[in-house]
2 protein chains.
Amino acid sequence: MTEAHERKKQPEIVRRALLDCAAQISQEQGLPAVTLQAVADAAHVTKGGLLHHFPNKQALVQAVFHDLLEQLDAQIDELLEDDPDAHGRFTRAYIRAFANADSQGASNWNALPLSSLTDPEMKAMWSDWYASRLARHAETDAGPELGIARYAADGLWLAGLLEYSGVEATGQDVLIEQLISMTRKT
Amino acid sequence: MTEAHERKKQPEIVRRALLDCAAQISQEQGLPAVTLQAVADAAHVTKGGLLHHFPNKQALVQAVFHDLLEQLDAQIDELLEDDPDAHGRFTRAYIRAFANADSQGASNWNALPLSSLTDPEMKAMWSDWYASRLARHAETDAGPELGIARYAADGLWLAGLLEYSGVEATGQDVLIEQLISMTRKT
(Lines give C-alpha, C1' and ligand atoms only; values in the text may rest on other atoms or scores of the structure.)
Protein backbone atom coordinates (compact mmCIF):
# COMPACT_ATOMS: atom_id res chain seq x y z
CA MET A 1 0.00 0.00 0.00
CA THR A 2 1.09 3.55 -0.60
CA GLU A 3 1.53 6.00 2.26
CA ALA A 4 -1.68 7.74 1.19
CA HIS A 5 -3.60 4.47 1.44
CA GLU A 6 -2.29 3.75 4.92
CA ARG A 7 -3.22 7.20 6.13
CA LYS A 8 -6.81 6.75 4.99
CA LYS A 9 -7.25 4.67 8.10
CA GLN A 10 -5.88 7.35 10.37
CA PRO A 11 -8.12 10.37 9.94
CA GLU A 12 -6.93 11.95 13.19
CA ILE A 13 -3.33 11.86 12.00
CA VAL A 14 -4.31 13.43 8.68
CA ARG A 15 -6.32 16.11 10.46
CA ARG A 16 -3.35 16.83 12.77
CA ALA A 17 -1.00 17.11 9.77
CA LEU A 18 -3.39 19.49 7.98
CA LEU A 19 -3.70 21.74 11.04
CA ASP A 20 0.08 21.80 11.58
CA CYS A 21 0.77 22.53 7.90
CA ALA A 22 -1.84 25.29 7.79
CA ALA A 23 -0.36 26.89 10.92
CA GLN A 24 3.15 26.62 9.49
CA ILE A 25 2.24 28.14 6.12
CA SER A 26 0.40 30.99 7.85
CA GLN A 27 3.38 31.63 10.11
CA GLU A 28 5.94 31.56 7.31
CA GLN A 29 4.07 33.12 4.38
CA GLY A 30 1.04 34.86 5.84
CA LEU A 31 -2.64 33.98 5.86
CA PRO A 32 -3.25 34.64 2.11
CA ALA A 33 -0.81 31.80 1.34
CA VAL A 34 -2.99 29.35 3.26
CA THR A 35 -4.87 27.97 0.25
CA LEU A 36 -6.56 24.59 0.43
CA GLN A 37 -4.26 23.30 -2.30
CA ALA A 38 -1.09 24.52 -0.58
CA VAL A 39 -2.11 22.96 2.74
CA ALA A 40 -3.10 19.67 1.06
CA ASP A 41 0.23 19.56 -0.80
CA ALA A 42 2.24 20.31 2.34
CA ALA A 43 0.43 17.54 4.24
CA HIS A 44 0.79 15.09 1.30
CA VAL A 45 -2.98 14.73 1.08
CA THR A 46 -5.24 15.17 -1.94
CA LYS A 47 -7.44 18.25 -2.00
CA GLY A 48 -10.42 15.89 -1.71
CA GLY A 49 -8.85 14.42 1.40
CA LEU A 50 -8.52 17.89 2.88
CA LEU A 51 -12.11 18.78 1.99
CA HIS A 52 -13.25 15.70 3.90
CA HIS A 53 -11.93 17.36 7.05
CA PHE A 54 -12.42 21.06 6.25
CA PRO A 55 -15.05 22.18 3.71
CA ASN A 56 -13.37 25.56 3.07
CA LYS A 57 -10.55 27.87 4.11
CA GLN A 58 -12.58 29.57 6.83
CA ALA A 59 -13.34 26.22 8.47
CA LEU A 60 -9.66 25.29 8.27
CA VAL A 61 -8.45 28.56 9.79
CA GLN A 62 -11.06 28.36 12.54
CA ALA A 63 -9.90 24.81 13.27
CA VAL A 64 -6.30 26.04 13.50
CA PHE A 65 -7.46 28.71 15.95
CA HIS A 66 -9.43 26.18 17.98
CA ASP A 67 -6.39 23.92 18.04
CA LEU A 68 -4.15 26.75 19.29
CA LEU A 69 -6.73 27.49 21.99
CA GLU A 70 -6.66 23.84 23.10
CA GLN A 71 -2.86 23.92 23.24
CA LEU A 72 -3.00 27.10 25.33
CA ASP A 73 -5.60 25.54 27.61
CA ALA A 74 -3.47 22.42 28.15
CA GLN A 75 -0.38 24.53 28.79
CA ILE A 76 -2.27 26.58 31.36
CA ASP A 77 -3.42 23.40 33.12
CA GLU A 78 0.21 22.29 33.38
CA LEU A 79 1.31 25.64 34.76
CA LEU A 80 -1.57 25.60 37.27
CA GLU A 81 -0.48 22.22 38.57
CA ASP A 82 3.06 23.44 39.17
CA ASP A 83 1.99 26.56 41.09
CA PRO A 84 1.73 26.09 44.86
CA ASP A 85 0.12 29.50 45.54
CA ALA A 86 -3.63 29.84 45.17
CA HIS A 87 -4.03 33.62 44.82
CA GLY A 88 -3.58 34.71 41.21
CA ARG A 89 -2.73 31.22 40.02
CA PHE A 90 -4.64 31.39 36.74
CA THR A 91 -3.30 34.87 36.00
CA ARG A 92 0.29 33.69 36.47
CA ALA A 93 -0.33 30.72 34.19
CA TYR A 94 -1.93 32.99 31.59
CA ILE A 95 1.03 35.39 31.67
CA ARG A 96 3.58 32.55 31.41
CA ALA A 97 1.67 30.80 28.63
CA PHE A 98 1.66 33.96 26.51
CA ALA A 99 5.30 34.67 27.34
CA ASN A 100 6.10 31.17 26.07
CA ALA A 101 4.01 31.69 22.95
CA ASP A 102 6.07 34.76 22.28
CA SER A 103 9.47 33.15 22.80
CA GLN A 104 8.61 29.97 20.88
CA GLY A 105 7.83 32.17 17.91
CA ALA A 106 7.50 29.65 15.12
CA SER A 107 4.72 27.67 16.74
CA ASN A 108 1.69 28.68 18.70
CA TRP A 109 -0.10 32.02 18.66
CA ASN A 110 1.99 33.87 16.16
CA ALA A 111 0.87 31.34 13.57
CA LEU A 112 -2.37 33.24 13.07
CA PRO A 113 -2.15 36.93 12.31
CA LEU A 114 -4.29 39.42 14.17
CA SER A 115 -6.50 39.85 11.13
CA SER A 116 -7.92 36.38 11.62
CA LEU A 117 -8.97 37.29 15.17
CA THR A 118 -11.51 39.70 13.75
CA ASP A 119 -13.49 36.72 12.43
CA PRO A 120 -16.71 36.70 14.53
CA GLU A 121 -16.55 32.96 15.23
CA MET A 122 -12.94 33.17 16.37
CA LYS A 123 -13.72 36.18 18.54
CA ALA A 124 -16.54 34.15 20.13
CA MET A 125 -14.27 31.11 20.65
CA TRP A 126 -11.79 33.34 22.48
CA SER A 127 -14.41 35.13 24.58
CA ASP A 128 -16.08 31.85 25.54
CA TRP A 129 -12.80 30.25 26.51
CA TYR A 130 -11.69 33.30 28.50
CA ALA A 131 -15.06 33.65 30.24
CA SER A 132 -15.16 30.00 31.25
CA ARG A 133 -11.61 30.19 32.62
CA LEU A 134 -12.40 33.35 34.61
CA ALA A 135 -15.52 31.69 36.02
CA ARG A 136 -13.60 28.57 36.96
CA HIS A 137 -10.89 30.61 38.71
CA ALA A 138 -13.13 33.25 40.27
CA GLU A 139 -12.03 32.35 43.80
CA THR A 140 -8.35 32.86 43.10
CA ASP A 141 -8.23 35.33 40.20
CA ALA A 142 -10.86 38.03 40.70
CA GLY A 143 -10.13 41.71 41.26
CA PRO A 144 -8.87 44.60 39.16
CA GLU A 145 -5.16 44.11 39.87
CA LEU A 146 -5.15 40.61 38.40
CA GLY A 147 -7.30 41.78 35.49
CA ILE A 148 -4.73 44.46 34.75
CA ALA A 149 -1.91 41.92 34.89
CA ARG A 150 -3.73 39.79 32.29
CA TYR A 151 -4.41 42.80 30.07
CA ALA A 152 -0.75 43.76 30.32
CA ALA A 153 0.17 40.22 29.18
CA ASP A 154 -2.15 40.74 26.19
CA GLY A 155 -0.47 44.07 25.51
CA LEU A 156 2.99 42.49 25.67
CA TRP A 157 1.88 39.82 23.22
CA LEU A 158 0.46 42.45 20.87
CA ALA A 159 3.67 44.48 21.09
CA GLY A 160 5.67 41.40 20.15
CA LEU A 161 3.42 40.75 17.16
CA LEU A 162 3.55 44.38 16.03
CA GLU A 163 7.27 44.49 16.78
CA TYR A 164 7.33 47.52 19.02
CA SER A 165 8.23 45.70 22.22
CA GLY A 166 11.91 46.51 21.60
CA VAL A 167 11.03 50.17 22.00
CA GLU A 168 10.45 49.78 25.75
CA ALA A 169 13.58 50.37 27.81
CA THR A 170 12.65 47.52 30.15
CA GLY A 171 13.26 44.03 28.74
CA GLN A 172 10.39 41.60 28.19
CA ASP A 173 11.71 39.14 30.79
CA VAL A 174 11.87 41.83 33.46
CA LEU A 175 8.34 43.00 32.64
CA ILE A 176 7.02 39.45 32.81
CA GLU A 177 8.58 38.88 36.22
CA GLN A 178 7.17 42.22 37.37
CA LEU A 179 3.74 41.10 36.14
CA ILE A 180 4.10 37.82 38.00
CA SER A 181 4.97 39.71 41.17
CA MET A 182 1.84 41.87 40.70
CA THR A 183 -0.25 38.70 40.89
CA ARG A 184 1.15 37.90 44.32
CA LYS A 185 -0.03 41.11 45.94
CA THR A 186 -3.32 40.77 47.77
CA MET B 1 -18.64 77.85 -10.08
CA THR B 2 -19.59 74.34 -9.00
CA GLU B 3 -18.63 72.99 -5.62
CA ALA B 4 -16.02 70.78 -7.28
CA HIS B 5 -14.45 73.81 -8.92
CA GLU B 6 -14.25 75.74 -5.69
CA ARG B 7 -12.66 72.83 -3.92
CA LYS B 8 -9.88 72.62 -6.49
CA LYS B 9 -8.39 75.60 -4.74
CA GLN B 10 -8.51 73.94 -1.35
CA PRO B 11 -6.41 70.79 -1.61
CA GLU B 12 -6.05 70.51 2.17
CA ILE B 13 -9.82 70.45 2.59
CA VAL B 14 -10.17 67.77 -0.07
CA ARG B 15 -7.41 65.73 1.52
CA ARG B 16 -9.10 66.06 4.91
CA ALA B 17 -12.46 64.94 3.45
CA LEU B 18 -10.82 61.94 1.76
CA LEU B 19 -9.13 60.84 5.01
CA ASP B 20 -12.33 61.24 7.01
CA CYS B 21 -14.41 59.37 4.43
CA ALA B 22 -11.87 56.54 4.23
CA ALA B 23 -11.83 56.23 8.03
CA GLN B 24 -15.62 56.24 8.17
CA ILE B 25 -16.05 53.60 5.46
CA SER B 26 -13.44 51.39 7.14
CA GLN B 27 -15.19 51.79 10.49
CA GLU B 28 -18.65 51.08 9.13
CA GLN B 29 -18.02 48.46 6.43
CA GLY B 30 -14.53 47.12 7.04
CA LEU B 31 -11.25 47.68 5.24
CA PRO B 32 -12.15 45.74 2.05
CA ALA B 33 -14.91 48.31 1.42
CA VAL B 34 -12.33 51.11 1.32
CA THR B 35 -11.95 51.22 -2.47
CA LEU B 36 -10.60 54.32 -4.16
CA GLN B 37 -13.91 54.77 -5.98
CA ALA B 38 -16.01 54.45 -2.82
CA VAL B 39 -13.85 56.98 -0.97
CA ALA B 40 -13.88 59.41 -3.91
CA ASP B 41 -17.68 59.11 -4.17
CA ALA B 42 -18.17 59.66 -0.44
CA ALA B 43 -15.97 62.75 -0.52
CA HIS B 44 -17.67 64.06 -3.70
CA VAL B 45 -14.35 64.03 -5.54
CA THR B 46 -13.48 62.42 -8.87
CA LYS B 47 -11.28 59.36 -8.76
CA GLY B 48 -8.63 61.45 -10.54
CA GLY B 49 -8.91 64.01 -7.75
CA LEU B 50 -8.34 61.31 -5.19
CA LEU B 51 -5.36 59.89 -7.11
CA HIS B 52 -3.79 63.35 -7.01
CA HIS B 53 -3.59 62.97 -3.23
CA PHE B 54 -3.18 59.19 -2.84
CA PRO B 55 -1.73 57.08 -5.67
CA ASN B 56 -3.26 53.82 -4.37
CA LYS B 57 -5.23 52.23 -1.56
CA GLN B 58 -2.14 51.42 0.49
CA ALA B 59 -1.05 55.06 0.43
CA LEU B 60 -4.56 56.13 1.46
CA VAL B 61 -4.80 53.67 4.35
CA GLN B 62 -1.32 54.63 5.54
CA ALA B 63 -2.35 58.28 5.43
CA VAL B 64 -5.43 57.48 7.52
CA PHE B 65 -3.20 55.73 10.03
CA HIS B 66 -0.76 58.65 10.08
CA ASP B 67 -3.67 61.00 10.60
CA LEU B 68 -4.99 58.95 13.54
CA LEU B 69 -1.50 58.99 15.02
CA GLU B 70 -1.38 62.79 14.75
CA GLN B 71 -4.77 63.05 16.45
CA LEU B 72 -3.55 60.77 19.24
CA ASP B 73 -0.39 62.81 19.58
CA ALA B 74 -2.32 66.08 19.86
CA GLN B 75 -4.72 64.57 22.38
CA ILE B 76 -1.79 63.36 24.48
CA ASP B 77 -0.27 66.86 24.43
CA GLU B 78 -3.55 68.27 25.75
CA LEU B 79 -3.72 65.68 28.51
CA LEU B 80 -0.08 66.35 29.43
CA GLU B 81 -0.78 70.05 29.83
CA ASP B 82 -3.67 69.37 32.20
CA ASP B 83 -1.69 67.03 34.45
CA PRO B 84 0.06 68.75 37.39
CA ASP B 85 2.05 65.65 38.47
CA ALA B 86 5.35 64.91 36.74
CA HIS B 87 5.85 61.23 37.57
CA GLY B 88 4.04 58.99 35.07
CA ARG B 89 2.53 61.93 33.21
CA PHE B 90 2.94 60.51 29.71
CA THR B 91 1.67 57.10 30.82
CA ARG B 92 -1.49 58.64 32.28
CA ALA B 93 -2.08 60.61 29.08
CA TYR B 94 -1.52 57.47 27.00
CA ILE B 95 -4.00 55.47 29.10
CA ARG B 96 -6.62 58.22 28.95
CA ALA B 97 -6.16 58.78 25.22
CA PHE B 98 -6.79 55.09 24.51
CA ALA B 99 -9.69 54.99 26.93
CA ASN B 100 -11.20 57.90 24.98
CA ALA B 101 -10.53 56.19 21.67
CA ASP B 102 -12.45 53.23 22.98
CA SER B 103 -15.44 55.16 24.29
CA GLN B 104 -15.69 57.38 21.21
CA GLY B 105 -15.98 54.22 19.18
CA ALA B 106 -17.09 55.58 15.85
CA SER B 107 -14.10 57.80 15.37
CA ASN B 108 -10.45 57.34 16.07
CA TRP B 109 -8.55 54.09 16.44
CA ASN B 110 -11.32 51.65 15.82
CA ALA B 111 -11.53 53.07 12.30
CA LEU B 112 -8.65 50.88 11.22
CA PRO B 113 -8.87 47.17 11.88
CA LEU B 114 -5.99 45.31 13.46
CA SER B 115 -5.17 43.70 10.14
CA SER B 116 -3.93 47.03 8.79
CA LEU B 117 -1.48 47.30 11.68
CA THR B 118 0.45 44.37 10.26
CA ASP B 119 1.51 46.56 7.32
CA PRO B 120 5.28 47.06 7.79
CA GLU B 121 5.14 50.82 7.18
CA MET B 122 2.32 51.29 9.68
CA LYS B 123 4.15 49.16 12.22
CA ALA B 124 7.21 51.38 11.73
CA MET B 125 5.11 54.57 12.06
CA TRP B 126 3.77 53.30 15.38
CA SER B 127 7.17 52.13 16.69
CA ASP B 128 8.81 55.41 15.72
CA TRP B 129 6.09 57.47 17.33
CA TYR B 130 6.12 55.39 20.51
CA ALA B 131 9.94 55.39 20.72
CA SER B 132 10.15 59.16 20.29
CA ARG B 133 7.51 59.70 22.99
CA LEU B 134 9.27 57.36 25.41
CA ALA B 135 12.57 59.16 24.77
CA ARG B 136 10.95 62.55 25.29
CA HIS B 137 9.35 61.45 28.57
CA ALA B 138 12.23 59.33 29.87
CA GLU B 139 12.61 61.46 32.99
CA THR B 140 9.00 61.02 34.09
CA ASP B 141 7.89 57.73 32.52
CA ALA B 142 10.69 55.16 32.76
CA GLY B 143 10.56 51.96 34.79
CA PRO B 144 8.76 48.64 34.51
CA GLU B 145 5.64 49.62 36.48
CA LEU B 146 4.76 52.39 34.03
CA GLY B 147 5.63 50.14 31.08
CA ILE B 148 3.18 47.58 32.42
CA ALA B 149 0.49 50.22 32.84
CA ARG B 150 0.91 51.19 29.17
CA TYR B 151 0.86 47.57 28.03
CA ALA B 152 -2.31 47.03 30.06
CA ALA B 153 -3.86 50.03 28.28
CA ASP B 154 -2.95 48.35 24.97
CA GLY B 155 -4.51 45.11 26.21
CA LEU B 156 -7.70 46.91 27.23
CA TRP B 157 -7.90 48.50 23.79
CA LEU B 158 -7.36 45.13 22.11
CA ALA B 159 -10.03 43.54 24.29
CA GLY B 160 -12.47 46.25 23.25
CA LEU B 161 -11.69 45.67 19.60
CA LEU B 162 -11.98 41.89 19.91
CA GLU B 163 -15.07 42.32 22.09
CA TYR B 164 -13.97 40.27 25.05
CA SER B 165 -13.60 43.13 27.52
CA GLY B 166 -17.15 42.44 28.76
CA VAL B 167 -15.92 39.07 29.99
CA GLU B 168 -13.91 40.67 32.80
CA ALA B 169 -15.85 41.05 36.04
CA THR B 170 -14.27 44.45 36.67
CA GLY B 171 -15.67 47.29 34.55
CA GLN B 172 -13.46 49.16 32.10
CA ASP B 173 -13.78 52.45 34.00
CA VAL B 174 -12.64 50.85 37.24
CA LEU B 175 -9.68 49.21 35.49
CA ILE B 176 -8.68 52.49 33.90
CA GLU B 177 -8.74 54.32 37.24
CA GLN B 178 -6.73 51.47 38.76
CA LEU B 179 -4.21 51.84 35.93
CA ILE B 180 -4.01 55.57 36.55
CA SER B 181 -3.37 54.95 40.24
CA MET B 182 -0.55 52.54 39.28
CA THR B 183 1.18 55.41 37.50
CA ARG B 184 1.26 57.44 40.72
CA LYS B 185 3.25 54.89 42.70
CA THR B 186 6.94 55.59 42.81
# chains A, B, ... in the order shown; residues from 1 in each chain; ligands from 1
>>> residues_around(residues="Gly143 of chain B", least_positions_apart="3", cutoff="8 Å", atoms="only C-alpha atoms", output="ChimeraX atom specification")
/A:169-170 /B:146-147
>>> residues_around(residues="Ala159 of chain B", least_positions_apart="3", cutoff="10 Å", atoms="only C-alpha atoms", output="ChimeraX atom specification")
/A:127,151,154-155 /B:153-156,162-168
>>> write_last_selection(atoms="all heavy atoms", output="CSV table (one decimal), in the first residue's frame")
chain,number,residue,atom,x,y,z
A,127,SER,N,-13.6,34.6,23.5
A,127,SER,CA,-14.4,35.1,24.6
A,127,SER,C,-15.0,34.0,25.4
A,127,SER,O,-14.9,34.1,26.7
A,127,SER,CB,-15.6,36.0,24.1
A,127,SER,OG,-15.1,37.2,23.6
A,151,TYR,N,-4.4,41.9,31.2
A,151,TYR,CA,-4.4,42.8,30.1
A,151,TYR,C,-3.0,43.2,29.7
A,151,TYR,O,-2.7,43.4,28.5
A,151,TYR,CB,-5.2,44.0,30.4
A,151,TYR,CG,-6.7,43.9,30.2
A,151,TYR,CD1,-7.6,44.3,31.2
A,151,TYR,CD2,-7.2,43.3,29.1
A,151,TYR,CE1,-9.0,44.1,31.0
A,151,TYR,CE2,-8.6,43.1,28.9
A,151,TYR,CZ,-9.5,43.5,29.9
A,151,TYR,OH,-10.8,43.4,29.7
A,154,ASP,N,-1.6,40.6,27.6
A,154,ASP,CA,-2.2,40.7,26.2
A,154,ASP,C,-1.4,41.8,25.4
A,154,ASP,O,-1.1,41.7,24.3
A,154,ASP,CB,-3.6,41.1,26.2
A,154,ASP,CG,-4.5,40.1,26.8
A,154,ASP,OD1,-4.1,38.9,26.9
A,154,ASP,OD2,-5.7,40.4,27.2
A,155,GLY,N,-1.2,42.9,26.1
A,155,GLY,CA,-0.5,44.1,25.5
A,155,GLY,C,1.0,43.7,25.1
A,155,GLY,O,1.4,44.1,24.0
B,153,ALA,N,-3.0,49.2,29.1
B,153,ALA,CA,-3.9,50.0,28.3
B,153,ALA,C,-4.0,49.5,26.9
B,153,ALA,O,-5.1,49.4,26.3
B,153,ALA,CB,-3.3,51.5,28.2
B,154,ASP,N,-2.9,49.0,26.3
B,154,ASP,CA,-2.9,48.3,25.0
B,154,ASP,C,-3.9,47.1,25.0
B,154,ASP,O,-4.7,46.9,24.1
B,154,ASP,CB,-1.6,47.9,24.5
B,154,ASP,CG,-0.6,49.0,24.3
B,154,ASP,OD1,-1.0,50.2,24.2
B,154,ASP,OD2,0.6,48.8,24.2
B,155,GLY,N,-3.7,46.3,26.1
B,155,GLY,CA,-4.5,45.1,26.2
B,155,GLY,C,-6.0,45.4,26.3
B,155,GLY,O,-6.8,44.7,25.8
B,156,LEU,N,-6.3,46.5,27.1
B,156,LEU,CA,-7.7,46.9,27.2
B,156,LEU,C,-8.3,47.3,25.9
B,156,LEU,O,-9.4,47.0,25.5
B,156,LEU,CB,-7.8,48.1,28.2
B,156,LEU,CG,-8.0,47.8,29.6
B,156,LEU,CD1,-7.7,49.0,30.5
B,156,LEU,CD2,-9.5,47.4,29.9
B,162,LEU,N,-11.6,43.3,20.1
B,162,LEU,CA,-12.0,41.9,19.9
B,162,LEU,C,-13.2,41.5,20.7
B,162,LEU,O,-13.6,40.3,20.7
B,162,LEU,CB,-10.8,41.0,20.3
B,162,LEU,CG,-9.5,41.2,19.5
B,162,LEU,CD1,-8.5,40.2,19.8
B,162,LEU,CD2,-9.8,41.2,18.0
B,163,GLU,N,-13.8,42.5,21.4
B,163,GLU,CA,-15.1,42.3,22.1
B,163,GLU,C,-15.0,41.3,23.2
B,163,GLU,O,-16.0,40.5,23.4
B,163,GLU,CB,-16.2,42.0,21.1
B,163,GLU,CG,-16.4,43.2,20.1
B,163,GLU,CD,-17.2,42.8,18.9
B,163,GLU,OE1,-18.0,41.8,19.0
B,163,GLU,OE2,-17.0,43.4,17.8
B,164,TYR,N,-13.9,41.2,23.9
B,164,TYR,CA,-14.0,40.3,25.1
B,164,TYR,C,-13.8,41.0,26.4
B,164,TYR,O,-13.7,40.4,27.4
B,164,TYR,CB,-13.0,39.1,24.9
B,164,TYR,CG,-11.5,39.4,25.0
B,164,TYR,CD1,-10.8,39.4,26.2
B,164,TYR,CD2,-10.8,39.7,23.9
B,164,TYR,CE1,-9.5,39.7,26.3
B,164,TYR,CE2,-9.4,40.0,23.9
B,164,TYR,CZ,-8.8,40.0,25.2
B,164,TYR,OH,-7.5,40.3,25.2
B,165,SER,N,-13.8,42.4,26.3
B,165,SER,CA,-13.6,43.1,27.5
B,165,SER,C,-14.8,42.9,28.5
B,165,SER,O,-14.6,43.0,29.7
B,165,SER,CB,-13.4,44.6,27.2
B,165,SER,OG,-14.4,45.1,26.3
B,166,GLY,N,-16.0,42.6,27.9
B,166,GLY,CA,-17.1,42.4,28.8
B,166,GLY,C,-17.0,41.2,29.6
B,166,GLY,O,-17.8,41.0,30.6
B,167,VAL,N,-16.1,40.3,29.3
B,167,VAL,CA,-15.9,39.1,30.0
B,167,VAL,C,-15.3,39.3,31.4
B,167,VAL,O,-15.6,38.6,32.3
B,167,VAL,CB,-15.0,38.1,29.1
B,167,VAL,CG1,-14.5,37.0,30.0
B,167,VAL,CG2,-15.8,37.6,27.9
B,168,GLU,N,-14.5,40.4,31.5
B,168,GLU,CA,-13.9,40.7,32.8
B,168,GLU,C,-15.0,41.2,33.8
B,168,GLU,O,-15.8,42.0,33.4
B,168,GLU,CB,-12.8,41.8,32.6
B,168,GLU,CG,-11.6,41.3,32.0
B,168,GLU,CD,-10.6,40.6,33.0
B,168,GLU,OE1,-10.9,40.6,34.2
B,168,GLU,OE2,-9.6,40.0,32.6
>>> residues_around(residues="segment 176-184 of chain B", least_positions_apart="2", cutoff="10 Å", atoms="only C-alpha atoms", output="PyMOL selection string")
(chain A and resi 144-145+148) or (chain B and resi 85-93+95-96+98-99+141+145-150+152-153+156+171-174+186)
>>> residues_around(residues="segment 39-54 of chain A", least_positions_apart="2", cutoff="6 Å", atoms="only C-alpha atoms", output="PyMOL selection string")
chain A and resi 17-18+21-22+36-37+56+59-60
>>> write_last_selection(atoms="all heavy atoms", output="PDB file, in the first residue's frame")
ATOM      1  N   ALA A  17      -1.982  16.650  10.758  1.00  0.00           N
ATOM      2  CA  ALA A  17      -1.001  17.108   9.773  1.00  0.00           C
ATOM      3  C   ALA A  17      -1.520  18.344   9.037  1.00  0.00           C
ATOM      4  O   ALA A  17      -0.772  19.300   8.796  1.00  0.00           O
ATOM      5  CB  ALA A  17      -0.676  15.991   8.788  1.00  0.00           C
ATOM      6  N   LEU A  18      -2.797  18.344   8.688  1.00  0.00           N
ATOM      7  CA  LEU A  18      -3.390  19.486   7.981  1.00  0.00           C
ATOM      8  C   LEU A  18      -3.354  20.742   8.855  1.00  0.00           C
ATOM      9  O   LEU A  18      -2.995  21.831   8.390  1.00  0.00           O
ATOM     10  CB  LEU A  18      -4.825  19.155   7.564  1.00  0.00           C
ATOM     11  CG  LEU A  18      -4.968  18.110   6.436  1.00  0.00           C
ATOM     12  CD1 LEU A  18      -6.406  17.608   6.347  1.00  0.00           C
ATOM     13  CD2 LEU A  18      -4.523  18.700   5.097  1.00  0.00           C
ATOM     14  N   CYS A  21       0.289  21.926   9.144  1.00  0.00           N
ATOM     15  CA  CYS A  21       0.773  22.525   7.898  1.00  0.00           C
ATOM     16  C   CYS A  21       0.137  23.895   7.670  1.00  0.00           C
ATOM     17  O   CYS A  21       0.805  24.834   7.234  1.00  0.00           O
ATOM     18  CB  CYS A  21       0.484  21.599   6.716  1.00  0.00           C
ATOM     19  SG  CYS A  21       1.518  20.113   6.728  1.00  0.00           S
ATOM     20  N   ALA A  22      -1.156  24.005   7.957  1.00  0.00           N
ATOM     21  CA  ALA A  22      -1.842  25.293   7.792  1.00  0.00           C
ATOM     22  C   ALA A  22      -1.221  26.344   8.714  1.00  0.00           C
ATOM     23  O   ALA A  22      -0.967  27.485   8.303  1.00  0.00           O
ATOM     24  CB  ALA A  22      -3.330  25.140   8.067  1.00  0.00           C
ATOM     25  N   LEU A  36      -6.263  25.998   0.182  1.00  0.00           N
ATOM     26  CA  LEU A  36      -6.565  24.588   0.432  1.00  0.00           C
ATOM     27  C   LEU A  36      -5.556  23.696  -0.292  1.00  0.00           C
ATOM     28  O   LEU A  36      -5.098  22.687   0.241  1.00  0.00           O
ATOM     29  CB  LEU A  36      -8.000  24.269   0.002  1.00  0.00           C
ATOM     30  CG  LEU A  36      -9.088  25.036   0.782  1.00  0.00           C
ATOM     31  CD1 LEU A  36     -10.473  24.597   0.327  1.00  0.00           C
ATOM     32  CD2 LEU A  36      -8.948  24.823   2.288  1.00  0.00           C
ATOM     33  N   GLN A  37      -5.204  24.103  -1.527  1.00  0.00           N
ATOM     34  CA  GLN A  37      -4.259  23.296  -2.299  1.00  0.00           C
ATOM     35  C   GLN A  37      -2.871  23.276  -1.653  1.00  0.00           C
ATOM     36  O   GLN A  37      -2.243  22.222  -1.557  1.00  0.00           O
ATOM     37  CB  GLN A  37      -4.152  23.850  -3.735  1.00  0.00           C
ATOM     38  CG  GLN A  37      -3.406  22.927  -4.695  1.00  0.00           C
ATOM     39  CD  GLN A  37      -4.140  21.603  -4.906  1.00  0.00           C
ATOM     40  OE1 GLN A  37      -5.269  21.575  -5.369  1.00  0.00           O
ATOM     41  NE2 GLN A  37      -3.498  20.491  -4.533  1.00  0.00           N
ATOM     42  N   ASN A  56     -13.878  24.342   3.708  1.00  0.00           N
ATOM     43  CA  ASN A  56     -13.374  25.562   3.070  1.00  0.00           C
ATOM     44  C   ASN A  56     -12.270  26.183   3.941  1.00  0.00           C
ATOM     45  O   ASN A  56     -11.996  25.706   5.050  1.00  0.00           O
ATOM     46  CB  ASN A  56     -14.511  26.569   2.847  1.00  0.00           C
ATOM     47  CG  ASN A  56     -15.304  26.794   4.127  1.00  0.00           C
ATOM     48  OD1 ASN A  56     -14.727  27.076   5.178  1.00  0.00           O
ATOM     49  ND2 ASN A  56     -16.629  26.632   4.044  1.00  0.00           N
ATOM     50  N   ALA A  59     -13.226  27.334   7.520  1.00  0.00           N
ATOM     51  CA  ALA A  59     -13.335  26.217   8.471  1.00  0.00           C
ATOM     52  C   ALA A  59     -11.954  25.740   8.902  1.00  0.00           C
ATOM     53  O   ALA A  59     -11.731  25.417  10.074  1.00  0.00           O
ATOM     54  CB  ALA A  59     -14.127  25.081   7.838  1.00  0.00           C
ATOM     55  N   LEU A  60     -11.025  25.716   7.963  1.00  0.00           N
ATOM     56  CA  LEU A  60      -9.661  25.294   8.271  1.00  0.00           C
ATOM     57  C   LEU A  60      -8.985  26.271   9.231  1.00  0.00           C
ATOM     58  O   LEU A  60      -8.387  25.863  10.238  1.00  0.00           O
ATOM     59  CB  LEU A  60      -8.854  25.177   6.968  1.00  0.00           C
ATOM     60  CG  LEU A  60      -7.359  24.874   7.086  1.00  0.00           C
ATOM     61  CD1 LEU A  60      -7.122  23.533   7.770  1.00  0.00           C
ATOM     62  CD2 LEU A  60      -6.691  24.887   5.709  1.00  0.00           C
TER      63      LEU A  60
END
>>> closest_residue(among="A:Val14, A:Leu114, A:Leu72, A:Met122", to="chain B", atoms="only C-alpha atoms")
A:Leu114
>>> closest_residue(among="A:His66, A:Val61, A:Ala23, A:Leu31", to="chain B", atoms="only C-alpha atoms")
A:Leu31
>>> closest_residue(among="A:Glu139, A:Glu12, A:Glu70, A:Glu78", to="Trp126 of chain A", atoms="only C-alpha atoms")
A:Glu70
>>> select_by_dssp(residues="segment 36-166 of chain A", states="helix (DSSP H, G or I)", output="VMD selection string")
chain A and resid 36 to 42 47 to 53 57 to 81 89 to 104 108 to 111 114 to 117 120 to 136 138 to 141 144 to 161 165 to 166
>>> closest_residue(among="A:Ala38, A:Asp67, A:Gly30, A:Arg16", to="Met125 of chain A", atoms="only C-alpha atoms")
A:Asp67
>>> atom_distance(atom1="atom CA of Pro84 of chain B", atom2="atom CA of Leu158 of chain B")
29.1 Å
>>> atom_distance(atom1="atom CA of Asp20 of chain B", atom2="atom CA of Leu161 of chain B")
20.0 Å
>>> closest_residue(among="A:Ser132, A:Gln29, A:Gln24, A:Thr140", to="chain B", atoms="only C-alpha atoms")
A:Ser132
>>> atom_distance(atom1="atom CA of Leu19 of chain A", atom2="atom CA of Val64 of chain A")
5.6 Å
